[in-house]
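S.K.: Sharing a structure below in structure tokens format, with a few things to ask.
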Amino acid sequence: MAKTRAHAGAAAGQRQLRVAEVIRRSLSAILARGEVHDPDLAHVSVTVAEVKVSPDLRHATAFVLPLGGVNTEGVVRALTRNRAEIRRLVTAQIDLKYSPELSFEPDLSFDRMDRTRALLGSPAVRRDLDRD
């Protein structure tokens with residue numbers, strides 16, 4: 001029996017998620033060990049919150065945030081500047097047919113969570129919730 005389109009898509013999605021997690025762990029380890037030799041990344045603890053991989057597994061976007069959220073743009077620029085070296089280091093740790101092209105973006109999810117928490121704690125929202 002032939003596979004339906006839904007099953008083929010689900011398998012590709014699972015592979016994307018697995019590859020993204022392997023890349024995230026590899027990036028986290030590389031940055032934690034300080035293997036990237038750049039003065040802008042020295043003594044900076046960087047959190048790799050998430051990695052999203054394209055369906056063909058050739059492009060990966062890492063969402064990063066320095067500890068404390070200080071100098072986020074500078075850290076993202078430094079990572080982007082060193083992405084060839086980082087790609088080489090990641091490729092040495094993972095086993096894929098193609099080494100994914102890496103890009104880095106600031107992780108804004110923590111800011112969104114703070115804004116949501118503040119909104120839910122506001123007096124107007126509390127008043128509406130207490131009414132129910």
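Chain lettering (A, B, ...) mirrors the order of the structure tokens, residue numbering begins at 1 for each chain separately, and ligand numbering begins at 1 in order of display.
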Applying 7 Å and only C-alpha atoms, which residues near range 19-36 of chain A remain after dropping the ones on its own chain fewer than 6 positions away? List them as a list of chain:residue names.

M.R.: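 So the residues in contact are A:Ser45, A:Val46, A:Thr47, A:Val48, A:Glu50, A:Val51, A:Lys52, A:Val53, A:Ile86, A:Val90, A:Gln93.
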
S.K.: Only N, CA and C atoms, please: the residues just picked out, written as a short mmCIF file (atom, residue, chain, number, x, y, z; two decimals), in the first residue's frame.

M.R.:
data_model
loop_
_atom_site.label_atom_id
_atom_site.label_comp_id
_atom_site.auth_asym_id
_atom_site.auth_seq_id
_atom_site.Cartn_x
_atom_site.Cartn_y
_atom_site.Cartn_z
N SER A 45 27.88 33.95 28.19
CA SER A 45 27.12 32.70 28.19
C SER A 45 25.92 32.88 27.28
N VAL A 46 25.84 32.05 26.24
CA VAL A 46 24.78 32.17 25.25
C VAL A 46 23.84 30.98 25.35
N THR A 47 22.54 31.25 25.42
CA THR A 47 21.53 30.21 25.44
C THR A 47 21.00 30.02 24.03
N VAL A 48 21.01 28.79 23.56
CA VAL A 48 20.40 28.45 22.27
C VAL A 48 19.02 27.88 22.60
N GLU A 50 16.22 27.59 20.63
CA GLU A 50 15.55 26.77 19.62
C GLU A 50 16.32 26.85 18.32
N VAL A 51 16.22 25.79 17.54
CA VAL A 51 16.75 25.78 16.19
C VAL A 51 15.64 25.31 15.27
N LYS A 52 15.42 26.04 14.20
CA LYS A 52 14.44 25.65 13.19
C LYS A 52 15.20 25.28 11.93
N VAL A 53 14.82 24.15 11.33
CA VAL A 53 15.50 23.62 10.16
C VAL A 53 14.53 23.62 8.99
N ILE A 86 31.58 28.12 13.08
CA ILE A 86 30.58 27.40 13.87
C ILE A 86 30.00 26.26 13.05
N VAL A 90 30.00 22.38 14.14
CA VAL A 90 28.76 21.60 14.23
C VAL A 90 28.83 20.39 13.32
N GLN A 93 30.45 17.36 14.64
CA GLN A 93 29.75 16.65 15.71
C GLN A 93 28.51 15.90 15.25
#

S.K.: What parts of range 14-128 of chain A does DSSP call strand (DSSP E or B)? I'd like the answer as an MDAnalysis selection string.

M.R.: chainID A and resid 46:53 59:66 101:106

S.K.: Could you pull out the alpha helix (DSSP H) residues of chain A, going by DSSP on the backbone, and write them as a PyMOL selection string?

M.R.: chain A and resi 5-33+72-81+83-93+109-120+123-131

S.K.: So, counting only C-alpha atoms, which residue among A:Leu108, A:Val125, A:Leu17, A:Leu119 is closest to Thr72 in chain A?

M.R.: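 Closest residue, counting only C-alpha atoms: A:Leu108.
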
S.K.: Please provide as a PyMOL selection string all residues within 7 Å of Ala78 in chain A, with the sequence filter that same-chain residues fewer than 3 positions apart are discarded (counting only C-alpha atoms).

M.R.: chain A and resi 40-41+74-75+81-82

S.K.: Store the residues picked out above, limited to N, CA and C atoms, as a tab-separated table (two decimals), in the first residue's frame.

M.R.:
chain	number	residue	atom	x	y	z
A	40	ASP	N	34.18	39.18	21.11
A	40	ASP	CA	32.82	39.57	21.47
A	40	ASP	C	32.04	38.42	22.10
A	41	LEU	N	32.53	37.19	21.95
A	41	LEU	CA	31.86	36.03	22.54
A	41	LEU	C	32.59	35.51	23.77
A	74	GLY	N	24.81	42.52	19.63
A	74	GLY	CA	26.25	42.32	19.47
A	74	GLY	C	26.62	40.85	19.42
A	75	VAL	N	25.97	40.05	20.25
A	75	VAL	CA	26.24	38.61	20.26
A	75	VAL	C	25.75	37.98	18.96
A	81	ARG	N	29.08	36.61	12.21
A	81	ARG	CA	30.42	36.83	11.67
A	81	ARG	C	31.24	35.53	11.69
A	82	ASN	N	31.00	34.68	12.67
A	82	ASN	CA	31.77	33.44	12.83
A	82	ASN	C	30.98	32.20	12.39

S.K.: Could you list, as a compact mmCIF listing (two decimals) with N, CA and C atoms, in the first residue's frame, every residue within 10 Å of Arg83 in chain A, counting only C-alpha atoms and ignoring same-chain residues fewer than 2 positions away?

M.R.:
# COMPACT_ATOMS: atom_id res chain seq x y z
N VAL A 36 34.49 28.93 19.92
CA VAL A 36 34.52 30.01 18.93
C VAL A 36 35.39 31.12 19.50
N ARG A 77 25.48 39.45 16.06
CA ARG A 77 26.43 39.87 15.01
C ARG A 77 27.71 39.04 15.08
N ALA A 78 28.22 38.80 16.29
CA ALA A 78 29.45 38.00 16.45
C ALA A 78 29.23 36.57 15.98
N LEU A 79 28.09 35.99 16.30
CA LEU A 79 27.80 34.63 15.85
C LEU A 79 27.67 34.58 14.33
N THR A 80 27.02 35.58 13.76
CA THR A 80 26.87 35.64 12.30
C THR A 80 28.22 35.79 11.64
N ARG A 81 29.08 36.61 12.21
CA ARG A 81 30.42 36.83 11.67
C ARG A 81 31.24 35.53 11.69
N GLU A 85 32.97 29.15 10.87
CA GLU A 85 33.68 28.35 11.87
C GLU A 85 32.71 27.52 12.69
N ILE A 86 31.58 28.12 13.08
CA ILE A 86 30.58 27.40 13.87
C ILE A 86 30.00 26.26 13.05
N ARG A 87 29.76 26.50 11.78
CA ARG A 87 29.23 25.45 10.90
C ARG A 87 30.21 24.28 10.83
N ARG A 88 31.48 24.58 10.72
CA ARG A 88 32.51 23.54 10.67
C ARG A 88 32.50 22.73 11.97
N LEU A 89 32.41 23.41 13.10
CA LEU A 89 32.40 22.74 14.40
C LEU A 89 31.15 21.87 14.58
N GLU A 101 23.43 25.37 6.38
CA GLU A 101 23.85 26.77 6.45
C GLU A 101 23.21 27.35 7.70
N LEU A 102 24.00 27.98 8.55
CA LEU A 102 23.50 28.49 9.83
C LEU A 102 23.21 29.98 9.75
N SER A 103 22.14 30.37 10.41
CA SER A 103 21.86 31.79 10.63
C SER A 103 21.42 31.94 12.08
N PHE A 104 21.59 33.14 12.60
CA PHE A 104 21.31 33.38 14.02
C PHE A 104 20.34 34.55 14.15
